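Asker: The file below is model_21.txt, compact mmCIF, C-alpha atoms:
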# COMPACT_ATOMS: atom_id res chain seq x y z
CA MET A 1 0.00 0.00 0.00
CA ASP A 2 1.12 3.54 -0.69
CA PRO A 3 0.36 6.66 1.37
CA GLY A 4 -3.01 8.03 0.26
CA ALA A 5 -4.08 4.84 -1.52
CA LEU A 6 -7.68 3.76 -1.00
CA VAL A 7 -7.88 0.52 0.98
CA GLY A 8 -11.22 -1.22 1.21
CA SER A 9 -13.21 -4.38 0.71
CA GLY A 10 -12.79 -4.13 -3.09
CA LEU A 11 -9.33 -5.62 -2.61
CA ARG A 12 -9.50 -9.32 -1.93
CA LEU A 13 -7.46 -9.41 1.26
CA GLN A 14 -7.03 -12.76 2.98
CA GLY A 15 -7.46 -11.41 6.49
CA PRO A 16 -6.70 -8.17 8.26
CA MET A 17 -4.37 -5.67 6.67
CA LEU A 18 -2.69 -4.93 10.01
CA MET A 19 -2.76 -6.70 13.36
CA LEU A 20 -1.44 -5.17 16.58
CA GLN A 21 -0.36 -7.43 19.42
CA GLN A 22 0.58 -6.65 22.98
CA GLN A 23 2.98 -9.37 24.03
CA ASN A 24 4.09 -8.31 27.50
CA ARG A 25 0.63 -9.19 28.87
CA LEU A 26 -1.32 -12.03 27.29
CA ARG A 27 -4.84 -13.36 27.75
CA LEU A 28 -5.24 -17.13 27.88
CA VAL A 29 -8.82 -18.17 27.06
CA VAL A 30 -9.88 -21.61 28.32
CA ASP A 31 -13.16 -23.54 28.15
CA VAL A 32 -13.49 -25.33 31.50
CA PRO A 33 -15.89 -28.29 31.91
CA GLU A 34 -18.79 -27.46 34.23
CA THR A 35 -17.69 -30.07 36.79
CA TYR A 36 -14.52 -28.05 37.40
CA SER A 37 -15.75 -24.52 36.75
CA VAL A 38 -17.88 -24.35 39.90
CA GLY A 39 -14.75 -24.54 42.04
CA LEU A 40 -12.82 -21.78 40.26
CA LYS A 41 -12.55 -18.35 41.83
CA GLN A 42 -11.69 -15.09 40.11
CA GLY A 43 -8.20 -13.94 41.10
CA LYS A 44 -6.96 -17.50 41.70
CA ASP A 45 -3.51 -18.39 40.37
CA VAL A 46 -3.18 -21.19 37.82
CA THR A 47 -0.21 -22.91 36.22
CA PHE A 48 0.16 -23.94 32.60
CA THR A 49 2.65 -25.37 30.18
CA VAL A 50 3.25 -24.57 26.52
CA ASN A 51 3.91 -27.49 24.16
CA ALA A 52 6.67 -25.56 22.37
CA MET A 53 8.64 -25.31 25.64
CA PRO A 54 8.49 -28.72 27.36
CA GLY A 55 9.38 -28.78 31.04
CA LYS A 56 8.73 -25.06 31.61
CA GLN A 57 5.79 -23.99 33.77
CA PHE A 58 4.13 -20.60 33.59
CA LYS A 59 1.71 -18.83 35.91
CA GLY A 60 -1.37 -16.75 35.31
CA ARG A 61 -4.35 -15.44 37.26
CA ILE A 62 -8.05 -15.94 36.54
CA SER A 63 -9.25 -12.48 35.55
CA ARG A 64 -12.67 -13.05 34.01
CA ARG A 65 -15.35 -15.74 33.89
CA SER A 66 -18.17 -15.77 31.38
CA GLY A 67 -20.70 -16.80 34.02
CA ASN A 68 -22.66 -19.06 31.68
CA MET A 69 -22.37 -22.56 30.28
CA ASN A 70 -21.79 -23.33 26.63
CA GLN A 71 -24.79 -25.61 26.04
CA LYS A 72 -23.06 -27.64 23.34
CA PHE A 73 -19.90 -28.48 25.31
CA ARG A 74 -21.15 -27.95 28.91
CA SER A 75 -18.23 -25.66 29.66
CA GLU A 76 -17.59 -22.11 30.87
CA THR A 77 -15.14 -19.75 29.19
CA VAL A 78 -12.50 -18.46 31.62
CA GLU A 79 -9.89 -15.81 30.85
CA ILE A 80 -6.47 -15.89 32.49
CA ASP A 81 -4.11 -12.91 32.46
CA VAL A 82 -0.48 -13.86 31.90
CA VAL A 83 2.46 -11.52 32.52
CA ASN A 84 4.94 -12.17 29.70
CA THR A 85 7.67 -9.57 30.35
CA LYS A 86 10.43 -11.84 29.00
CA GLY A 87 8.43 -12.43 25.81
CA GLY A 88 8.94 -16.19 25.87
CA ILE A 89 5.31 -16.96 25.13
CA MET A 90 3.97 -15.93 21.73
CA PRO A 91 0.31 -15.29 20.90
CA GLY A 92 -1.34 -18.34 19.35
CA MET A 93 0.78 -20.94 21.15
CA PHE A 94 -1.07 -23.98 22.50
CA ALA A 95 -1.21 -24.19 26.31
CA GLU A 96 -2.27 -26.88 28.78
CA VAL A 97 -3.72 -25.44 31.98
CA VAL A 98 -3.67 -27.03 35.44
CA PHE A 99 -6.42 -25.83 37.76
CA ALA A 100 -6.44 -26.41 41.50
CA PRO A 101 -10.10 -25.65 42.19
CA GLU A 102 -11.58 -25.17 45.63
CA ALA A 103 -13.36 -28.18 47.07
CA THR A 104 -17.11 -28.20 46.65
CA GLN A 105 -19.09 -27.63 49.83
CA GLY A 106 -20.54 -30.87 51.23
CA SER A 107 -18.00 -33.14 49.57
CA LEU A 108 -15.32 -35.41 50.98
CA THR A 109 -12.07 -36.37 49.32
CA VAL A 110 -10.90 -39.98 49.21
CA PRO A 111 -7.96 -41.74 47.54
CA SER A 112 -8.95 -42.47 43.93
CA SER A 113 -8.26 -46.18 44.45
CA ALA A 114 -11.10 -46.30 47.03
CA VAL A 115 -13.78 -45.52 44.44
CA VAL A 116 -15.15 -48.72 42.91
CA VAL A 117 -16.90 -48.49 39.54
CA SER A 118 -19.00 -51.47 38.50
CA THR A 119 -22.13 -52.24 36.50
CA GLU A 120 -24.14 -51.55 39.68
CA GLY A 121 -22.74 -48.02 40.00
CA GLN A 122 -19.98 -46.11 41.80
CA TYR A 123 -19.34 -46.67 45.46
CA VAL A 124 -16.80 -46.71 48.27
CA ILE A 125 -16.65 -49.42 50.87
CA ARG A 126 -17.05 -48.18 54.44
CA VAL A 127 -16.17 -50.36 57.43
CA SER A 128 -19.07 -50.28 59.88
CA GLN A 129 -19.08 -52.53 62.96
CA GLY A 130 -16.47 -54.77 61.35
CA LYS A 131 -18.45 -55.30 58.14
CA ALA A 132 -18.13 -53.96 54.61
CA GLU A 133 -20.84 -51.48 53.72
CA PHE A 134 -21.15 -50.32 50.12
CA VAL A 135 -21.94 -46.59 49.99
CA GLU A 136 -23.10 -45.22 46.65
CA VAL A 137 -21.23 -42.04 45.66
CA ARG A 138 -21.09 -39.53 42.84
CA LYS A 139 -17.66 -38.35 41.71
CA GLY A 140 -16.71 -34.69 41.65
CA MET A 141 -13.33 -33.16 40.89
CA GLN A 142 -10.35 -35.48 40.55
CA SER A 143 -6.61 -35.22 40.73
CA GLU A 144 -4.09 -37.98 40.07
CA GLU A 145 -4.39 -39.38 43.59
CA MET A 146 -7.59 -38.00 45.14
CA THR A 147 -11.26 -37.93 44.12
CA GLU A 148 -14.02 -35.74 45.52
CA VAL A 149 -17.12 -37.82 46.37
CA PHE A 150 -20.71 -37.01 47.27
CA GLY A 151 -22.80 -39.55 49.15
CA ALA A 152 -23.88 -40.78 52.57
CA LEU A 153 -20.36 -40.53 54.03
CA ARG A 154 -19.25 -38.54 57.03
CA ASP A 155 -15.89 -37.09 57.94
CA GLY A 156 -14.06 -39.74 59.96
CA ASP A 157 -15.69 -42.80 58.31
CA GLN A 158 -13.25 -45.64 57.78
CA ILE A 159 -13.11 -46.71 54.16
CA ILE A 160 -11.18 -49.41 52.35
CA VAL A 161 -8.56 -47.75 50.16
CA ASN A 162 -7.76 -50.69 47.83
CA PRO A 163 -10.77 -53.02 47.93
CA ARG A 164 -10.56 -56.51 46.44
CA ASN A 165 -12.77 -57.35 43.46
CA ASP A 166 -14.45 -60.23 45.30
CA MET A 167 -15.48 -58.13 48.35
CA ARG A 168 -19.22 -58.25 49.01
CA ASN A 169 -21.59 -55.96 50.88
CA GLY A 170 -21.89 -57.18 54.49
CA ALA A 171 -18.67 -59.23 54.39
CA GLN A 172 -16.61 -59.41 57.60
CA VAL A 173 -13.59 -57.08 57.49
CA ALA A 174 -10.45 -57.79 59.51
CA MET A 175 -8.81 -54.55 60.69
CA ASN A 176 -5.00 -54.47 60.94
Please express the file's structure as structure tokens.
Answerer:
Amino acid sequence: MDPGALVGSGLRLQGPMLMLQQQNRLRLVVDVPETYSVGLKQGKDVTFTVNAMPGKQFKGRISRRSGNMNQKFRSETVEIDVVNTKGGIMPGMFAEVVFAPEATQGSLTVPSSAVVVSTEGQYVIRVSQGKAEFVEVRKGMQSEEMTEVFGALRDGDQIIVNPRNDMRNGAQVAMN
């Protein structure tokens, strides 16, 4: 283009003629599944990695939440502000975000190995008066080692962490 030349839609441009980018502060936009979005708080720090730089972790802060669910994907759009003063991250890079959401009120957290999934449903096995008692649960948020569960459990209940496949409801349990 030359100074004074007319630029308009008559020219078949394949995109914008000019794009400005601010690279010292980036916005990471993430669609978070509804199961996890309820535990996210604005202002909370998050960590993420960028595929182009394996082994490096970056930090950002949740700055905005859309406040509604995408009906097609059952997710909420969350924006994370990232300070990029060193310029290592470039706009358009692919990031993987790790959220550490707050626990949901009324839930308990158990080792993931304690949750049994079968054709009858999901349950944990509580030890009550020396006998196995199957307690139906619904899973919430999960990490590698722990799972949030909702059900008829109380804080302090004794549960079997690695139950055997042949354990039956009402079976005698020997405590070590």
Asker: Would you mind listing what lies within 9 Å of Glu145 (chain A) as an MDAnalysis selection string, with only C-alpha atoms counted and same-chain residues fewer than 3 positions away left out?
Answerer: chainID A and resid 110:113 142
Asker: Can you tell me, as a list in words, what residues are no more than 12 Å from Pro54 (chain A) when counting all atoms listed in the file, ignoring any on the same chain fewer than 6 positions away?
Answerer: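 So, after excluding close chain neighbours, the residues are Phe48, Phe94, Ala95 and Glu96 of chain A.
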Asker: Deliver the residues from the most recent selection as a file, using C-alpha atoms, as a JSON list (two decimals), in the frame of the given file.
Answerer:
[["chain", "number", "residue", "atom", "x", "y", "z"],
["A", 48, "PHE", "CA", 0.16, -23.94, 32.60],
["A", 94, "PHE", "CA", -1.07, -23.98, 22.50],
["A", 95, "ALA", "CA", -1.21, -24.19, 26.31],
["A", 96, "GLU", "CA", -2.27, -26.88, 28.78]]
Asker: Taking all atoms listed in the file into account, name the residue in A:Pro33, A:Arg164, A:Ser75, A:Met175 that is nearest to Gln129 (chain A).
Answerer: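 Smallest distance to Gln129 (chain A) is found for A:Met175.
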Asker: If you count only C-alpha atoms, which residues fall within 10 Å of Gln42 (chain A), apart from same-chain ones fewer than 4 positions away, as a ChimeraX atom specification?
Answerer: /A:61-65,78-80
Asker: Using CA of Val137 (chain A) and CA of Val117 (chain A) as the two end points, give the distance in Å to one decimal.
Answerer: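 Distance between the two atoms: 9.9 Å.
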Asker: Near region 55-60 of chain A, within 8 Å and counting all atoms listed in the file, which residues show up once chain neighbours fewer than 5 positions away are dropped, as a count of residues only?
Answerer: 10
Asker: Nearest residue to Val115 (chain A) out of A:Val127, A:Met146, A:Val98, A:Met93, using all atoms listed in the file?
Answerer: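 Smallest separation from Val115 (chain A) among the options: A:Met146.
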Asker: Could all heavy atoms be built for region 126-137 of chain A and written out as a PDB file, keeping the file's coordinate frame?
Answerer:
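The resulting file, selection_38.pdb, is reproduced below:
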ATOM      1  N   ARG A 126     -17.268 -48.679  53.090  1.00  0.00           N
ATOM      2  CA  ARG A 126     -17.050 -48.180  54.440  1.00  0.00           C
ATOM      3  C   ARG A 126     -17.034 -49.396  55.375  1.00  0.00           C
ATOM      4  O   ARG A 126     -17.763 -50.360  55.179  1.00  0.00           O
ATOM      5  CB  ARG A 126     -18.198 -47.241  54.818  1.00  0.00           C
ATOM      6  CG  ARG A 126     -18.190 -46.814  56.262  1.00  0.00           C
ATOM      7  CD  ARG A 126     -19.212 -45.756  56.602  1.00  0.00           C
ATOM      8  NE  ARG A 126     -20.547 -46.034  56.085  1.00  0.00           N
ATOM      9  CZ  ARG A 126     -21.465 -45.094  55.850  1.00  0.00           C
ATOM     10  NH1 ARG A 126     -21.188 -43.825  56.083  1.00  0.00           N
ATOM     11  NH2 ARG A 126     -22.646 -45.408  55.390  1.00  0.00           N
ATOM     12  N   VAL A 127     -16.200 -49.322  56.411  1.00  0.00           N
ATOM     13  CA  VAL A 127     -16.170 -50.360  57.430  1.00  0.00           C
ATOM     14  C   VAL A 127     -17.045 -49.889  58.575  1.00  0.00           C
ATOM     15  O   VAL A 127     -16.782 -48.868  59.201  1.00  0.00           O
ATOM     16  CB  VAL A 127     -14.737 -50.652  57.915  1.00  0.00           C
ATOM     17  CG1 VAL A 127     -14.741 -51.699  59.012  1.00  0.00           C
ATOM     18  CG2 VAL A 127     -13.841 -51.062  56.761  1.00  0.00           C
ATOM     19  N   SER A 128     -18.129 -50.631  58.818  1.00  0.00           N
ATOM     20  CA  SER A 128     -19.070 -50.280  59.880  1.00  0.00           C
ATOM     21  C   SER A 128     -19.320 -51.514  60.743  1.00  0.00           C
ATOM     22  O   SER A 128     -19.814 -52.527  60.244  1.00  0.00           O
ATOM     23  CB  SER A 128     -20.389 -49.795  59.246  1.00  0.00           C
ATOM     24  OG  SER A 128     -21.326 -49.489  60.233  1.00  0.00           O
ATOM     25  N   GLN A 129     -18.946 -51.428  61.997  1.00  0.00           N
ATOM     26  CA  GLN A 129     -19.080 -52.530  62.960  1.00  0.00           C
ATOM     27  C   GLN A 129     -18.427 -53.803  62.440  1.00  0.00           C
ATOM     28  O   GLN A 129     -18.960 -54.900  62.557  1.00  0.00           O
ATOM     29  CB  GLN A 129     -20.545 -52.780  63.295  1.00  0.00           C
ATOM     30  CG  GLN A 129     -21.196 -51.587  63.941  1.00  0.00           C
ATOM     31  CD  GLN A 129     -22.688 -51.782  64.179  1.00  0.00           C
ATOM     32  OE1 GLN A 129     -23.282 -52.769  63.764  1.00  0.00           O
ATOM     33  NE2 GLN A 129     -23.279 -50.809  64.843  1.00  0.00           N
ATOM     34  N   GLY A 130     -17.249 -53.639  61.824  1.00  0.00           N
ATOM     35  CA  GLY A 130     -16.470 -54.770  61.350  1.00  0.00           C
ATOM     36  C   GLY A 130     -16.956 -55.388  60.056  1.00  0.00           C
ATOM     37  O   GLY A 130     -16.469 -56.439  59.651  1.00  0.00           O
ATOM     38  N   LYS A 131     -17.919 -54.757  59.395  1.00  0.00           N
ATOM     39  CA  LYS A 131     -18.450 -55.300  58.140  1.00  0.00           C
ATOM     40  C   LYS A 131     -18.336 -54.287  57.012  1.00  0.00           C
ATOM     41  O   LYS A 131     -18.374 -53.088  57.237  1.00  0.00           O
ATOM     42  CB  LYS A 131     -19.919 -55.697  58.316  1.00  0.00           C
ATOM     43  CG  LYS A 131     -20.095 -56.830  59.303  1.00  0.00           C
ATOM     44  CD  LYS A 131     -21.502 -57.329  59.324  1.00  0.00           C
ATOM     45  CE  LYS A 131     -21.548 -58.470  60.321  1.00  0.00           C
ATOM     46  NZ  LYS A 131     -22.710 -59.270  60.205  1.00  0.00           N
ATOM     47  N   ALA A 132     -18.217 -54.811  55.798  1.00  0.00           N
ATOM     48  CA  ALA A 132     -18.130 -53.960  54.610  1.00  0.00           C
ATOM     49  C   ALA A 132     -19.516 -53.418  54.276  1.00  0.00           C
ATOM     50  O   ALA A 132     -20.475 -54.173  54.205  1.00  0.00           O
ATOM     51  CB  ALA A 132     -17.582 -54.757  53.434  1.00  0.00           C
ATOM     52  N   GLU A 133     -19.583 -52.127  54.085  1.00  0.00           N
ATOM     53  CA  GLU A 133     -20.840 -51.480  53.720  1.00  0.00           C
ATOM     54  C   GLU A 133     -20.610 -50.657  52.462  1.00  0.00           C
ATOM     55  O   GLU A 133     -19.818 -49.730  52.449  1.00  0.00           O
ATOM     56  CB  GLU A 133     -21.316 -50.584  54.870  1.00  0.00           C
ATOM     57  CG  GLU A 133     -22.593 -49.866  54.606  1.00  0.00           C
ATOM     58  CD  GLU A 133     -22.973 -48.931  55.754  1.00  0.00           C
ATOM     59  OE1 GLU A 133     -22.271 -48.914  56.801  1.00  0.00           O
ATOM     60  OE2 GLU A 133     -23.957 -48.216  55.582  1.00  0.00           O
ATOM     61  N   PHE A 134     -21.310 -51.023  51.386  1.00  0.00           N
ATOM     62  CA  PHE A 134     -21.150 -50.320  50.120  1.00  0.00           C
ATOM     63  C   PHE A 134     -21.960 -49.035  50.178  1.00  0.00           C
ATOM     64  O   PHE A 134     -23.157 -49.067  50.428  1.00  0.00           O
ATOM     65  CB  PHE A 134     -21.639 -51.184  48.958  1.00  0.00           C
ATOM     66  CG  PHE A 134     -20.711 -52.321  48.606  1.00  0.00           C
ATOM     67  CD1 PHE A 134     -19.947 -52.961  49.562  1.00  0.00           C
ATOM     68  CD2 PHE A 134     -20.613 -52.756  47.306  1.00  0.00           C
ATOM     69  CE1 PHE A 134     -19.102 -54.007  49.246  1.00  0.00           C
ATOM     70  CE2 PHE A 134     -19.774 -53.795  46.968  1.00  0.00           C
ATOM     71  CZ  PHE A 134     -19.019 -54.421  47.927  1.00  0.00           C
ATOM     72  N   VAL A 135     -21.283 -47.897  49.948  1.00  0.00           N
ATOM     73  CA  VAL A 135     -21.940 -46.590  49.990  1.00  0.00           C
ATOM     74  C   VAL A 135     -21.872 -45.995  48.586  1.00  0.00           C
ATOM     75  O   VAL A 135     -20.789 -45.738  48.060  1.00  0.00           O
ATOM     76  CB  VAL A 135     -21.254 -45.646  51.003  1.00  0.00           C
ATOM     77  CG1 VAL A 135     -21.933 -44.289  51.014  1.00  0.00           C
ATOM     78  CG2 VAL A 135     -21.230 -46.264  52.392  1.00  0.00           C
ATOM     79  N   GLU A 136     -23.040 -45.791  47.995  1.00  0.00           N
ATOM     80  CA  GLU A 136     -23.100 -45.220  46.650  1.00  0.00           C
ATOM     81  C   GLU A 136     -22.619 -43.771  46.693  1.00  0.00           C
ATOM     82  O   GLU A 136     -22.995 -43.011  47.582  1.00  0.00           O
ATOM     83  CB  GLU A 136     -24.533 -45.281  46.123  1.00  0.00           C
ATOM     84  CG  GLU A 136     -24.604 -45.309  44.621  1.00  0.00           C
ATOM     85  CD  GLU A 136     -26.004 -45.634  44.129  1.00  0.00           C
ATOM     86  OE1 GLU A 136     -26.589 -46.620  44.608  1.00  0.00           O
ATOM     87  OE2 GLU A 136     -26.475 -44.860  43.272  1.00  0.00           O
ATOM     88  N   VAL A 137     -21.782 -43.396  45.730  1.00  0.00           N
ATOM     89  CA  VAL A 137     -21.230 -42.040  45.660  1.00  0.00           C
ATOM     90  C   VAL A 137     -21.320 -41.517  44.237  1.00  0.00           C
ATOM     91  O   VAL A 137     -21.463 -42.279  43.281  1.00  0.00           O
ATOM     92  CB  VAL A 137     -19.762 -41.980  46.151  1.00  0.00           C
ATOM     93  CG1 VAL A 137     -19.651 -42.301  47.617  1.00  0.00           C
ATOM     94  CG2 VAL A 137     -18.870 -42.873  45.317  1.00  0.00           C
TER      95      VAL A 137
END
